[in-house]
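Undergrad: My structure is in protein.txt, and what it holds is compact mmCIF, C-alpha atoms and all ligand atoms:
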```
# COMPACT_ATOMS: atom_id res chain seq x y z
CA MET A 159 76.71 44.98 -39.90
CA LYS A 160 78.52 42.55 -37.60
CA THR A 161 77.78 38.89 -38.39
CA GLU A 162 77.64 36.58 -35.37
CA ILE A 163 77.85 32.77 -35.45
CA LEU A 164 76.07 31.28 -32.43
CA PRO A 165 75.87 27.59 -31.46
CA ALA A 166 72.54 25.82 -31.96
CA ASP A 167 72.97 23.77 -28.78
CA ASP A 168 72.55 26.91 -26.65
CA PRO A 169 68.80 27.50 -26.06
CA SER A 170 69.33 31.27 -26.05
CA THR A 171 70.51 31.05 -29.69
CA LEU A 172 67.20 29.50 -30.73
CA ARG A 173 65.28 32.22 -28.89
CA ARG A 174 67.36 34.98 -30.46
CA ALA A 175 66.89 33.54 -33.92
CA ALA A 176 63.11 33.34 -33.53
CA THR A 177 62.96 36.91 -32.16
CA ALA A 178 65.05 38.26 -35.04
CA LEU A 179 62.86 36.41 -37.58
CA ARG A 180 59.66 37.77 -35.99
CA GLU A 181 61.15 41.27 -36.19
CA GLY A 182 61.69 40.89 -39.94
CA GLU A 183 65.41 40.14 -39.97
CA PRO A 184 66.92 37.37 -42.10
CA VAL A 185 68.81 34.66 -40.17
CA ALA A 186 70.99 31.86 -41.59
CA LEU A 187 69.88 28.43 -40.36
CA PRO A 188 71.05 24.86 -40.87
CA THR A 189 68.81 22.45 -42.77
CA GLU A 190 69.44 18.78 -43.57
CA THR A 191 70.40 19.75 -47.16
CA VAL A 192 72.36 23.04 -47.07
CA TYR A 193 72.29 26.19 -44.91
CA GLY A 194 69.39 28.50 -45.72
CA LEU A 195 68.95 32.25 -45.32
CA ALA A 196 65.53 32.39 -43.67
CA ALA A 197 62.96 35.16 -43.25
CA ASN A 198 59.27 35.30 -42.37
CA ALA A 199 57.60 34.12 -45.59
CA LEU A 200 54.45 36.11 -44.85
CA ASP A 201 56.38 39.40 -44.58
CA ALA A 202 57.32 40.80 -48.00
CA ARG A 203 59.77 43.33 -46.52
CA ALA A 204 61.61 40.64 -44.56
CA CYS A 205 61.86 38.54 -47.74
CA ALA A 206 63.17 41.53 -49.68
CA ARG A 207 66.15 41.55 -47.31
CA ILE A 208 67.02 37.99 -48.42
CA PHE A 209 67.23 39.12 -52.06
CA GLU A 210 69.36 42.09 -51.02
CA ALA A 211 71.82 40.06 -48.91
CA LYS A 212 72.23 37.40 -51.63
CA GLU A 213 72.19 39.86 -54.55
CA ARG A 214 69.54 37.55 -55.95
CA PRO A 215 67.39 38.69 -58.89
CA LEU A 216 63.73 39.23 -57.94
CA THR A 217 62.73 36.90 -60.78
CA ASP A 218 64.01 33.88 -58.81
CA PRO A 219 61.33 32.60 -56.37
CA LEU A 220 62.01 31.31 -52.82
CA ILE A 221 61.16 27.98 -51.15
CA VAL A 222 58.70 28.28 -48.25
CA HIS A 223 59.59 26.04 -45.27
CA LEU A 224 56.57 25.08 -43.17
CA PRO A 225 56.60 24.95 -39.35
CA GLY A 226 54.27 21.93 -39.55
CA LEU A 227 52.13 19.93 -41.97
CA GLU A 228 49.01 21.89 -40.96
CA TRP A 229 50.45 24.85 -42.88
CA LEU A 230 50.44 23.04 -46.24
CA GLU A 231 46.84 23.90 -47.17
CA ARG A 232 47.22 27.45 -45.83
CA VAL A 233 49.98 28.35 -48.28
CA ALA A 234 49.25 26.01 -51.22
CA VAL A 235 46.57 23.95 -52.94
CA ALA A 236 47.58 20.33 -52.36
CA ASN A 237 46.07 17.56 -54.48
CA ALA A 238 46.00 13.90 -53.37
CA THR A 239 49.46 13.24 -54.88
CA ALA A 240 50.97 16.17 -52.99
CA ILE A 241 49.48 14.98 -49.73
CA ARG A 242 50.78 11.48 -50.41
CA LEU A 243 54.31 12.75 -51.17
CA ALA A 244 54.28 14.91 -48.04
CA GLY A 245 53.18 11.90 -45.99
CA ILE A 246 56.03 9.77 -47.34
CA PHE A 247 58.96 12.18 -47.69
CA TRP A 248 58.31 14.94 -45.12
CA PRO A 249 60.01 16.07 -43.07
CA GLY A 250 62.87 15.75 -45.53
CA PRO A 251 64.73 16.96 -48.63
CA LEU A 252 61.75 17.18 -51.03
CA THR A 253 60.25 20.46 -52.26
CA LEU A 254 56.79 20.45 -53.85
CA VAL A 255 55.75 23.11 -56.37
CA LEU A 256 51.99 23.65 -56.03
CA PRO A 257 49.37 26.29 -56.82
CA ARG A 258 49.76 29.12 -54.30
CA ARG A 259 47.30 30.66 -51.86
CA PRO A 260 47.00 34.47 -51.59
CA ILE A 261 48.67 34.50 -48.12
CA ILE A 262 52.08 34.14 -49.83
CA PRO A 263 53.45 37.51 -50.97
CA ASP A 264 54.38 37.99 -54.65
CA ILE A 265 58.04 38.56 -53.83
CA VAL A 266 58.29 34.94 -52.60
CA THR A 267 56.82 33.39 -55.78
CA ALA A 268 58.34 35.99 -58.14
CA GLY A 269 54.77 36.72 -59.19
CA GLN A 270 54.09 33.14 -60.35
CA GLU A 271 50.89 31.25 -59.57
CA THR A 272 52.83 28.46 -57.87
CA VAL A 273 54.71 28.24 -54.59
CA ALA A 274 57.54 25.86 -53.65
CA VAL A 275 57.07 24.29 -50.19
CA ARG A 276 58.98 21.92 -47.98
CA LEU A 277 59.15 20.72 -44.37
CA SER A 278 62.75 20.49 -43.18
CA ALA A 279 63.85 17.52 -41.08
CA HIS A 280 66.60 19.48 -39.30
CA PRO A 281 65.78 19.64 -35.56
CA VAL A 282 67.28 23.13 -35.18
CA PHE A 283 65.43 24.51 -38.20
CA ARG A 284 62.18 22.90 -37.07
CA GLN A 285 62.48 24.27 -33.54
CA ILE A 286 63.18 27.80 -34.78
CA ALA A 287 60.30 27.63 -37.29
CA LEU A 288 57.98 26.48 -34.50
CA ASN A 289 59.19 29.24 -32.15
CA THR A 290 58.76 31.85 -34.90
CA GLY A 291 55.28 30.54 -35.67
CA THR A 292 55.27 31.41 -39.38
CA PRO A 293 56.50 29.70 -42.55
CA LEU A 294 60.07 30.66 -43.40
CA ALA A 295 61.21 31.55 -46.90
CA ALA A 296 64.76 30.27 -47.24
CA PRO A 297 67.04 30.03 -50.27
CA SER A 298 70.53 28.60 -49.87
CA ALA A 299 72.64 31.04 -47.82
CA ASN A 300 75.17 31.89 -50.55
CA ARG A 301 75.55 34.87 -52.82
CA PHE A 302 73.61 34.35 -56.05
CA GLY A 303 75.12 31.79 -58.43
CA ARG A 304 77.73 30.53 -55.97
CA ILE A 305 78.24 27.25 -54.11
CA SER A 306 75.64 26.49 -51.42
CA PRO A 307 77.02 26.49 -47.84
CA THR A 308 77.10 23.26 -45.86
CA THR A 309 78.71 24.72 -42.69
CA ALA A 310 78.25 27.93 -40.69
CA GLU A 311 81.75 29.06 -41.75
CA HIS A 312 80.76 28.71 -45.42
CA VAL A 313 77.81 31.02 -44.72
CA ARG A 314 80.17 33.54 -43.15
CA ALA A 315 82.45 33.37 -46.20
CA GLU A 316 79.42 34.20 -48.40
CA LEU A 317 77.42 36.69 -46.35
CA ASP A 318 79.78 38.26 -43.76
CA GLY A 319 78.66 41.80 -42.95
CA ARG A 320 75.36 41.34 -44.82
CA ILE A 321 73.35 39.50 -42.13
CA GLY A 322 73.33 39.66 -38.31
CA LEU A 323 73.08 36.02 -37.23
CA ILE A 324 74.19 32.57 -38.37
CA VAL A 325 72.97 29.62 -36.29
CA ASP A 326 75.67 26.93 -36.24
CA GLY A 327 74.15 23.45 -36.30
CA GLY A 328 77.25 21.68 -37.63
CA PRO A 329 77.70 20.31 -41.16
CA CYS A 330 74.58 19.44 -43.21
CA THR A 331 73.85 15.71 -43.64
CA HIS A 332 72.79 15.61 -47.30
CA GLY A 333 75.11 18.35 -48.55
CA ILE A 334 73.15 19.14 -51.74
CA GLU A 335 69.87 21.00 -52.17
CA SER A 336 66.44 19.36 -51.97
CA THR A 337 64.78 17.65 -54.91
CA ILE A 338 62.20 20.03 -56.44
CA VAL A 339 59.16 18.44 -58.04
CA LEU A 340 56.27 20.10 -59.83
CA VAL A 341 53.06 18.33 -58.80
CA ALA A 342 50.21 18.41 -61.34
CA ASP A 343 47.05 16.37 -61.77
CA ASP A 344 48.68 14.17 -64.43
CA GLY A 345 51.79 13.44 -62.35
CA LEU A 346 55.22 14.78 -61.42
CA ARG A 347 58.02 16.68 -63.12
CA ILE A 348 61.45 17.03 -61.52
CA LEU A 349 62.64 20.64 -61.74
CA ARG A 350 65.86 20.03 -59.76
CA PRO A 351 67.30 16.57 -58.99
CA GLY A 352 68.31 16.02 -55.37
CA PRO A 353 68.47 13.60 -52.44
CA ILE A 354 65.03 12.11 -53.20
CA SER A 355 65.70 10.31 -56.49
CA ALA A 356 63.65 10.04 -59.70
CA GLU A 357 63.34 6.31 -58.98
CA GLU A 358 61.77 6.97 -55.56
CA LEU A 359 59.33 9.52 -57.01
CA ALA A 360 58.33 7.33 -59.96
CA ALA A 361 57.25 4.67 -57.47
CA ILE A 362 54.62 7.08 -56.11
CA ALA A 363 53.14 8.82 -59.19
CA PRO A 364 53.71 9.06 -62.97
CA LEU A 365 56.95 10.92 -63.60
CA HIS A 366 57.16 13.04 -66.78
CA VAL A 367 60.07 14.90 -68.32
CA ALA A 368 59.84 18.53 -67.27
CA GLU A 369 58.91 20.99 -70.01
CA THR A 370 59.99 24.25 -68.62
CA ALA A 371 58.23 26.83 -70.80
CA GLY A 372 56.49 29.51 -68.78
CA VAL A 373 57.80 28.63 -65.32
CA VAL A 374 60.86 29.90 -63.55
CA VAL A 375 62.99 26.85 -63.17
CA PRO A 376 65.67 26.27 -60.57
CA GLY A 377 69.08 26.81 -61.96
CA SER A 378 67.52 27.76 -65.31
CA LEU A 379 70.82 29.51 -65.68
CA LYS A 380 73.22 26.97 -67.12
CA SER A 381 75.98 28.08 -64.76
CA HIS A 382 75.25 27.76 -61.04
CA TYR A 383 76.79 26.34 -57.87
CA ALA A 384 79.97 27.70 -59.37
CA PRO A 385 83.48 27.93 -57.97
CA ARG A 386 85.55 30.88 -59.24
CA THR A 387 88.18 28.48 -60.61
CA SER A 388 87.12 26.93 -63.92
CA LEU A 389 85.98 23.32 -63.63
CA ASP A 390 85.98 20.55 -66.26
CA ILE A 391 84.44 17.08 -66.06
CA GLU A 392 86.82 14.51 -67.59
CA SER A 393 87.02 10.71 -67.30
CA ASN A 394 90.75 10.36 -68.09
CA PRO A 395 92.28 13.73 -67.29
CA GLU A 396 95.80 14.70 -68.31
CA PRO A 397 97.03 16.86 -65.45
CA HIS A 398 98.65 20.19 -66.34
CA SER A 399 100.65 22.05 -63.75
CA GLY A 400 98.36 23.74 -61.25
CA ASP A 401 95.38 21.43 -61.84
CA GLY A 402 93.32 20.11 -58.91
CA LEU A 403 91.37 16.85 -58.91
CA LEU A 404 87.90 16.16 -57.50
CA ALA A 405 87.32 12.39 -57.23
CA TRP A 406 84.36 10.36 -55.98
CA ARG A 407 86.63 7.60 -54.63
CA PRO A 408 90.38 7.09 -54.03
CA VAL A 409 92.36 7.24 -57.33
CA THR A 410 95.98 7.62 -58.39
CA ALA A 411 96.40 11.32 -58.87
CA ASP A 412 100.00 11.85 -59.96
CA GLY A 413 100.67 15.28 -61.33
CA PHE A 414 97.77 17.06 -59.62
CA ALA A 415 98.59 20.01 -57.37
CA ALA A 416 95.67 19.25 -55.03
CA VAL A 417 93.32 16.29 -54.66
CA GLU A 418 89.93 15.95 -52.93
CA VAL A 419 88.58 12.42 -52.48
CA LEU A 420 84.88 12.68 -51.65
CA SER A 421 84.38 9.16 -50.25
CA ALA A 422 86.68 6.26 -49.31
CA THR A 423 84.18 3.83 -50.88
CA GLY A 424 82.52 6.01 -53.56
CA ASP A 425 79.26 6.04 -51.56
CA PRO A 426 77.08 8.71 -53.28
CA ARG A 427 75.62 9.86 -49.96
CA GLU A 428 79.09 10.61 -48.66
CA VAL A 429 80.08 12.17 -52.00
CA ALA A 430 77.08 14.55 -51.82
CA ALA A 431 77.74 15.43 -48.18
CA ASN A 432 81.37 16.37 -48.91
CA LEU A 433 80.97 17.87 -52.41
CA TYR A 434 80.53 21.59 -51.72
CA ALA A 435 83.13 21.80 -48.93
CA ALA A 436 85.66 20.09 -51.22
CA MET A 437 84.78 22.46 -54.09
CA ARG A 438 85.33 25.41 -51.77
CA ARG A 439 88.74 24.09 -50.63
CA LEU A 440 89.88 23.52 -54.22
CA ASP A 441 88.56 26.96 -55.15
CA ALA A 442 90.67 28.51 -52.37
CA ALA A 443 93.85 26.65 -53.39
CA GLY A 444 94.85 29.03 -56.19
CA LEU A 445 94.60 26.33 -58.88
CA ARG A 446 94.69 26.84 -62.63
CA ARG A 447 91.59 24.65 -63.00
CA ILE A 448 89.64 21.90 -61.24
CA VAL A 449 89.09 18.55 -62.96
CA ALA A 450 86.12 16.50 -61.68
CA LEU A 451 85.88 12.78 -62.42
CA PRO A 452 82.34 11.73 -63.39
CA GLY A 453 80.34 9.22 -61.35
CA PRO A 454 77.21 7.10 -61.85
CA GLU A 455 74.12 8.89 -63.24
CA SER A 456 71.48 6.92 -61.32
CA GLY A 457 69.78 7.71 -57.99
CA LEU A 458 71.60 10.36 -55.99
CA GLY A 459 74.42 10.22 -58.57
CA ALA A 460 72.13 12.05 -61.03
CA ALA A 461 71.80 14.97 -58.61
CA ILE A 462 75.55 15.10 -57.98
CA MET A 463 76.32 15.04 -61.72
CA GLU A 464 73.80 17.86 -62.30
CA ARG A 465 75.67 19.99 -59.74
CA LEU A 466 79.02 19.22 -61.37
CA ARG A 467 77.65 20.14 -64.84
CA LYS A 468 76.29 23.43 -63.51
CA ALA A 469 79.64 24.14 -61.86
CA ALA A 470 81.40 23.35 -65.14
CA ALA A 471 79.16 25.54 -67.32
CA ARG A 472 80.68 28.91 -68.17
CA GLY A 473 78.58 32.05 -68.36
O1 LIG B 1 67.55 22.26 -49.98
C1 LIG B 1 67.06 23.31 -50.37
O2 LIG B 1 66.10 23.34 -51.19
C2 LIG B 1 67.62 24.61 -49.81
C3 LIG B 1 67.34 24.66 -48.31
C4 LIG B 1 67.78 25.94 -47.68
O3 LIG B 1 65.98 24.43 -48.09
N1 LIG B 1 67.06 25.74 -50.48
C5 LIG B 1 67.39 26.07 -51.75
O4 LIG B 1 66.80 27.24 -52.17
O5 LIG B 1 68.14 25.41 -52.43
P1 LIG B 1 67.30 28.04 -53.46
O6 LIG B 1 66.50 29.28 -53.49
O7 LIG B 1 68.76 28.18 -53.42
O8 LIG B 1 66.85 27.13 -54.65
C6 LIG B 1 65.46 26.94 -54.83
C7 LIG B 1 65.13 26.91 -56.27
C8 LIG B 1 65.40 28.20 -56.99
O9 LIG B 1 66.26 27.95 -58.08
C9 LIG B 1 64.05 28.67 -57.49
O10 LIG B 1 64.10 29.15 -58.80
C10 LIG B 1 63.20 27.42 -57.40
O11 LIG B 1 63.71 26.70 -56.33
N2 LIG B 1 61.80 27.73 -57.13
C11 LIG B 1 61.28 28.37 -56.06
N3 LIG B 1 59.95 28.54 -56.19
C12 LIG B 1 59.61 27.98 -57.36
C13 LIG B 1 58.39 27.83 -58.08
N4 LIG B 1 57.25 28.31 -57.60
N5 LIG B 1 58.42 27.20 -59.28
C14 LIG B 1 59.57 26.70 -59.77
N6 LIG B 1 60.77 26.83 -59.15
C15 LIG B 1 60.79 27.45 -57.96
MG MG B 2 70.56 28.29 -54.15
```
Once more with this new file: its structure as structure tokens, please.
TA:
Amino acid sequence: MKTEILPADDPSTLRRAATALREGEPVALPTETVYGLAANALDARACARIFEAKERPLTDPLIVHLPGLEWLERVAVANATAIRLAGIFWPGPLTLVLPRRPIIPDIVTAGQETVAVRLSAHPVFRQIALNTGTPLAAPSANRFGRISPTTAEHVRAELDGRIGLIVDGGPCTHGIESTIVLVADDGLRILRPGPISAEELAAIAPLHVAETAGVVVPGSLKSHYAPRTSLDIESNPEPHSGDGLLAWRPVTADGFAAVEVLSATGDPREVAANLYAAMRRLDAAGLRRIVALPGPESGLGAAIMERLRKAAARG
């Protein structure tokens, strides 16, 4: 299959994407977090093609992206806390895990009784979801276990020949995946840290430590978001020949074969936005290993550190 990248600022691209989605084809779309591989969430066969293209195990459920807030109660059972969170953080990088409605096919939830839902803030994604007229199931548009794409070219590097269309909306603003929160009657549990921080969520409802028994949890695999080159997190690294360095802010980096500085000021938002592209460049540089310097563990820093730990985990 030939994979085309078409610009989002051409109205015919948006029409083609919606037509392809209605016909049951998966299409890669930009979101404000990372690029997603979208398909009609109400069409089990269309969703099966996502799993096939990504080589994703069927035990790993998909996030359902709503065309509008009115879809929330059609796909999920939303309690008062869920409605409050949606009112505050949607559209935006927050995914809510809620009891599902029967309209959602089993393949999307991996047979679980919950469904993950979000409303993307990306204007291109929103327009295409509206034109398609159905919720869109969309995991990150990478092959399973690999680094999420934050540009259309990253998607091509992951899925070339496996999908027909990539809509190019430029680089993603947040650069890391949405925060996933399990919403229950007694409060919230973060299943994946992300751009909406634990601090922000705790201000809305009681926040508990997630106990993960019995649910499929995002990145329940220790290793995820992984470059092919091995990655270590070290505060005072001793460079060996062929080592690359991944730094949050400018540092002296004598002895490193390649250096990626994620932000001139160490601003976590900029670090997150540049993280995956920098990991891809280091991965392509033929290095012996990548050394990542750690950063702060609060706010967005917690989500960035989680991604680095997953990238560093072997096996
Ligand atoms: O920012 C994002 O969330 C991006 C963009 C495209 O929206 N999507 C994304 O999807 O990161 P994905 O599939 O790469 O990661 C979603 C994670 C998966 O690890 C999956 O296990 C988890 O969400 N998940 C989905 N449904 C779930 C559910 N019902 N309960 C618990 N975890 C769930
Ligand atoms: Mg993913």
Undergrad: Please determine, counting all atoms listed in the file, which residue among A:Ser336, A:Thr410, A:Thr423, A:Ser355 has the shortest atom-to-atom distance to ligand MG 2 (chain B).
TA: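 Answer, going by the shortest atom-to-atom distance: A:Ser336.
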Undergrad: Near region 392-403 of chain A, counting all atoms listed in the file, which residues have an atom at most 9 Å away, once you skip same-chain residues fewer than 4 positions from it, shown as a PyMOL selection string?
TA: chain A and resi 411-419+440+443-452
Undergrad: Using 12 Å as the limit and counting only C-alpha atoms, can you tabulate each residue of region 310-395 of chain A that touches region 458-471 of chain A, with its shortest atom-to-atom distance in Å and the two atoms involved, as a Markdown table?
TA:
```
| residue | atom | partner | partner_atom | distance |
| --- | --- | --- | --- | --- |
| A:His332 | CA | A:Leu458 | CA | 10.2 |
| A:Gly333 | CA | A:Ile462 | CA | 10.0 |
| A:Ile334 | CA | A:Ile462 | CA | 7.8 |
| A:Glu335 | CA | A:Ala461 | CA | 9.0 |
| A:Ser336 | CA | A:Ala461 | CA | 9.6 |
| A:Thr337 | CA | A:Ala461 | CA | 8.4 |
| A:Ile338 | CA | A:Ala461 | CA | 11.1 |
| A:Ile348 | CA | A:Ala461 | CA | 10.9 |
| A:Leu349 | CA | A:Ala461 | CA | 11.2 |
| A:Arg350 | CA | A:Ala461 | CA | 7.9 |
| A:Pro351 | CA | A:Ala461 | CA | 4.8 |
| A:Gly352 | CA | A:Ala461 | CA | 4.9 |
| A:Pro353 | CA | A:Leu458 | CA | 5.7 |
| A:Ile354 | CA | A:Leu458 | CA | 7.3 |
| A:Ser355 | CA | A:Leu458 | CA | 5.9 |
| A:Ala356 | CA | A:Leu458 | CA | 8.8 |
| A:Glu357 | CA | A:Leu458 | CA | 9.7 |
| A:Glu358 | CA | A:Leu458 | CA | 10.4 |
| A:Pro376 | CA | A:Lys468 | CA | 11.4 |
| A:Gly377 | CA | A:Lys468 | CA | 8.1 |
| A:Ser378 | CA | A:Lys468 | CA | 9.9 |
| A:Leu379 | CA | A:Lys468 | CA | 8.5 |
| A:Lys380 | CA | A:Lys468 | CA | 5.9 |
| A:Ser381 | CA | A:Ala471 | CA | 4.8 |
| A:His382 | CA | A:Lys468 | CA | 5.1 |
| A:Tyr383 | CA | A:Ala469 | CA | 5.4 |
| A:Ala384 | CA | A:Ala469 | CA | 4.4 |
| A:Pro385 | CA | A:Ala469 | CA | 6.7 |
| A:Arg386 | CA | A:Ala469 | CA | 9.3 |
| A:Thr387 | CA | A:Ala470 | CA | 9.6 |
| A:Ser388 | CA | A:Ala470 | CA | 6.9 |
| A:Leu389 | CA | A:Ala470 | CA | 4.8 |
| A:Asp390 | CA | A:Ala470 | CA | 5.5 |
| A:Ile391 | CA | A:Ala470 | CA | 7.0 |
| A:Glu392 | CA | A:Ala470 | CA | 10.7 |
```
Undergrad: Could you tell me how far CA of Met159 (chain A) lies from CA of Val313 (chain A), in Å and to one decimal?
TA: 14.8 Å
Undergrad: Show me, as a ChimeraX atom specification, the residues that have an atom within 6 Å of region 365-370 of chain A when counting all atoms listed in the file, minus same-chain residues fewer than 2 positions from it.
TA: /A:345-347,360,373
Undergrad: Only C-alpha atoms, please: the residues just picked out, written as an mmCIF file, keeping the file's coordinate frame.
TA:
```cif
data_model
loop_
_atom_site.group_PDB
_atom_site.id
_atom_site.type_symbol
_atom_site.label_atom_id
_atom_site.label_comp_id
_atom_site.auth_asym_id
_atom_site.auth_seq_id
_atom_site.Cartn_x
_atom_site.Cartn_y
_atom_site.Cartn_z
ATOM 1 C CA GLY A 345 51.790 13.440 -62.350
ATOM 2 C CA LEU A 346 55.220 14.780 -61.420
ATOM 3 C CA ARG A 347 58.020 16.680 -63.120
ATOM 4 C CA ALA A 360 58.330 7.330 -59.960
ATOM 5 C CA VAL A 373 57.800 28.630 -65.320
#
```
Undergrad: Within 8 Å of ligand MG 2 (chain B) (counting all atoms listed in the file), which residues show up? I'd like them as a PyMOL selection string.
TA: chain A and resi 297-300+302-306+335+383
Undergrad: Neighbours of ligand LIG 1 (chain B) within 6 Å, counting all atoms listed in the file, as a ChimeraX atom specification?
TA: /A:191-194,218-221,255,267,272-274,296-298,335-336,374-377
Undergrad: Counting all atoms listed in the file, which residues of region 275-299 of chain A sit at most 6 Å from some atom of region 168-177 of chain A, and what is each one's closest atom pair with its distance in Å to one decimal, listed by chain and rising residue number, as CSV?
TA:
```
residue,atom,partner,partner_atom,distance
A:Ile286,CA,A:Ala176,CA,5.7
A:Asn289,CA,A:Ala176,CA,5.8
A:Thr290,CA,A:Ala176,CA,4.8
```
Undergrad: Quick check, in Å to one decimal: how far apart do CA of Tyr434 (chain A) and CA of His280 (chain A) lie?
TA: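 Computing the Euclidean distance for CA of Tyr434 (chain A) and CA of His280 (chain A) yields 18.8 Å.
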Undergrad: Can you work out which one of A:Ala315, A:Ala166, A:Leu216, A:Leu230 has the shortest atom-to-atom distance to Val266 (chain A), counting only C-alpha atoms?
TA: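 Going through A:Ala315, A:Ala166, A:Leu216, A:Leu230 one by one, the smallest distance to Val266 (chain A) is for A:Leu216.
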Undergrad: At what distance in Å, to one decimal, does CA of Ala197 (chain A) lie from CA of Ala178 (chain A)?
TA: 9.0 Å
Undergrad: Between A:Leu200, A:Pro293, A:Leu195, A:Asp167, single out the one closest to Leu227 (chain A), counting only C-alpha atoms.
TA: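 Closest residue, counting only C-alpha atoms: A:Pro293.
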Undergrad: Kindly extract all protein, DNA and RNA residues lying within 8 Å of the coordinates (79.5, 41.0, -38.9) given in the file, considering all atoms listed in the file, and supply them as a list of chain:residue names.
TA: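 Taken together, the residues in range are A:Met159, A:Lys160, A:Thr161, A:Glu162, A:Asp318, A:Gly319, A:Arg320, A:Ile321, A:Gly322.
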Undergrad: For the selection you just gave me, I'd like the residues written to a file as a JSON list (two decimals), in the frame of the given file, keeping C-alpha atoms.
TA:
```json
[["chain", "number", "residue", "atom", "x", "y", "z"],
["A", 159, "MET", "CA", 76.71, 44.98, -39.90],
["A", 160, "LYS", "CA", 78.52, 42.55, -37.60],
["A", 161, "THR", "CA", 77.78, 38.89, -38.39],
["A", 162, "GLU", "CA", 77.64, 36.58, -35.37],
["A", 318, "ASP", "CA", 79.78, 38.26, -43.76],
["A", 319, "GLY", "CA", 78.66, 41.80, -42.95],
["A", 320, "ARG", "CA", 75.36, 41.34, -44.82],
["A", 321, "ILE", "CA", 73.35, 39.50, -42.13],
["A", 322, "GLY", "CA", 73.33, 39.66, -38.31]]
```
Undergrad: My list of candidates is A:Pro364, A:Gly269, A:Pro408, A:Gly327. Which is closest to Pro257 (chain A) when distances are computed with only C-alpha atoms?
TA: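 Of all the options, A:Gly269 lies closest to Pro257 (chain A).
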Undergrad: Please enclose the listed atoms of region 317-333 of chain A in an axis-aligned box, pad each side by 4 Å, and write out the centre and the three edge lengths in Å, rounded to one decimal, as JSON.
TA:
```
{"center_x": 76.3, "center_y": 28.7, "center_z": -42.4, "size_x": 15.0, "size_y": 34.2, "size_z": 20.3}
```
Undergrad: Determine, counting only C-alpha atoms, which protein, DNA and RNA residues have an atom within 12 Å of an atom of Leu288 (chain A); residues of the same chain fewer than 3 positions away are not included. Present the result as an mmCIF file with C-alpha atoms, in the frame of the given file.
TA:
```cif
data_model
loop_
_atom_site.group_PDB
_atom_site.id
_atom_site.type_symbol
_atom_site.label_atom_id
_atom_site.label_comp_id
_atom_site.auth_asym_id
_atom_site.auth_seq_id
_atom_site.Cartn_x
_atom_site.Cartn_y
_atom_site.Cartn_z
ATOM 1 C CA LEU A 172 67.200 29.500 -30.730
ATOM 2 C CA ARG A 173 65.280 32.220 -28.890
ATOM 3 C CA ALA A 175 66.890 33.540 -33.920
ATOM 4 C CA ALA A 176 63.110 33.340 -33.530
ATOM 5 C CA THR A 177 62.960 36.910 -32.160
ATOM 6 C CA LEU A 179 62.860 36.410 -37.580
ATOM 7 C CA ARG A 180 59.660 37.770 -35.990
ATOM 8 C CA ASN A 198 59.270 35.300 -42.370
ATOM 9 C CA HIS A 223 59.590 26.040 -45.270
ATOM 10 C CA LEU A 224 56.570 25.080 -43.170
ATOM 11 C CA PRO A 225 56.600 24.950 -39.350
ATOM 12 C CA GLY A 226 54.270 21.930 -39.550
ATOM 13 C CA LEU A 227 52.130 19.930 -41.970
ATOM 14 C CA GLU A 228 49.010 21.890 -40.960
ATOM 15 C CA TRP A 229 50.450 24.850 -42.880
ATOM 16 C CA LEU A 277 59.150 20.720 -44.370
ATOM 17 C CA SER A 278 62.750 20.490 -43.180
ATOM 18 C CA PRO A 281 65.780 19.640 -35.560
ATOM 19 C CA VAL A 282 67.280 23.130 -35.180
ATOM 20 C CA PHE A 283 65.430 24.510 -38.200
ATOM 21 C CA ARG A 284 62.180 22.900 -37.070
ATOM 22 C CA GLN A 285 62.480 24.270 -33.540
ATOM 23 C CA GLY A 291 55.280 30.540 -35.670
ATOM 24 C CA THR A 292 55.270 31.410 -39.380
ATOM 25 C CA PRO A 293 56.500 29.700 -42.550
ATOM 26 C CA LEU A 294 60.070 30.660 -43.400
#
```
Undergrad: Within 9 Å of (84.8, 24.8, -39.1) (coordinates as in the file), grab all the protein and nucleic acid residues, counting only C-alpha atoms, and write them out as an MDAnalysis selection string.
TA: chainID A and resid 309:312 328:329
Undergrad: Let me make sure I understand: among A:Ala268, A:Ala199, A:Ala211, A:Val275, which one has the smallest atom-to-atom distance to Ala234 (chain A) if we use all atoms listed in the file?
TA: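 For Ala234 (chain A), the nearest of the given residues is A:Val275.
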Undergrad: Compare A:Asp264, A:Asp425, A:Glu455, A:Glu213 by their minimum atom-to-atom distance to Leu317 (chain A), counting all atoms listed in the file, and give me the closest one.
TA: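 Checking each of A:Asp264, A:Asp425, A:Glu455, A:Glu213 against Leu317 (chain A), counting all atoms listed in the file, the winner is A:Glu213.
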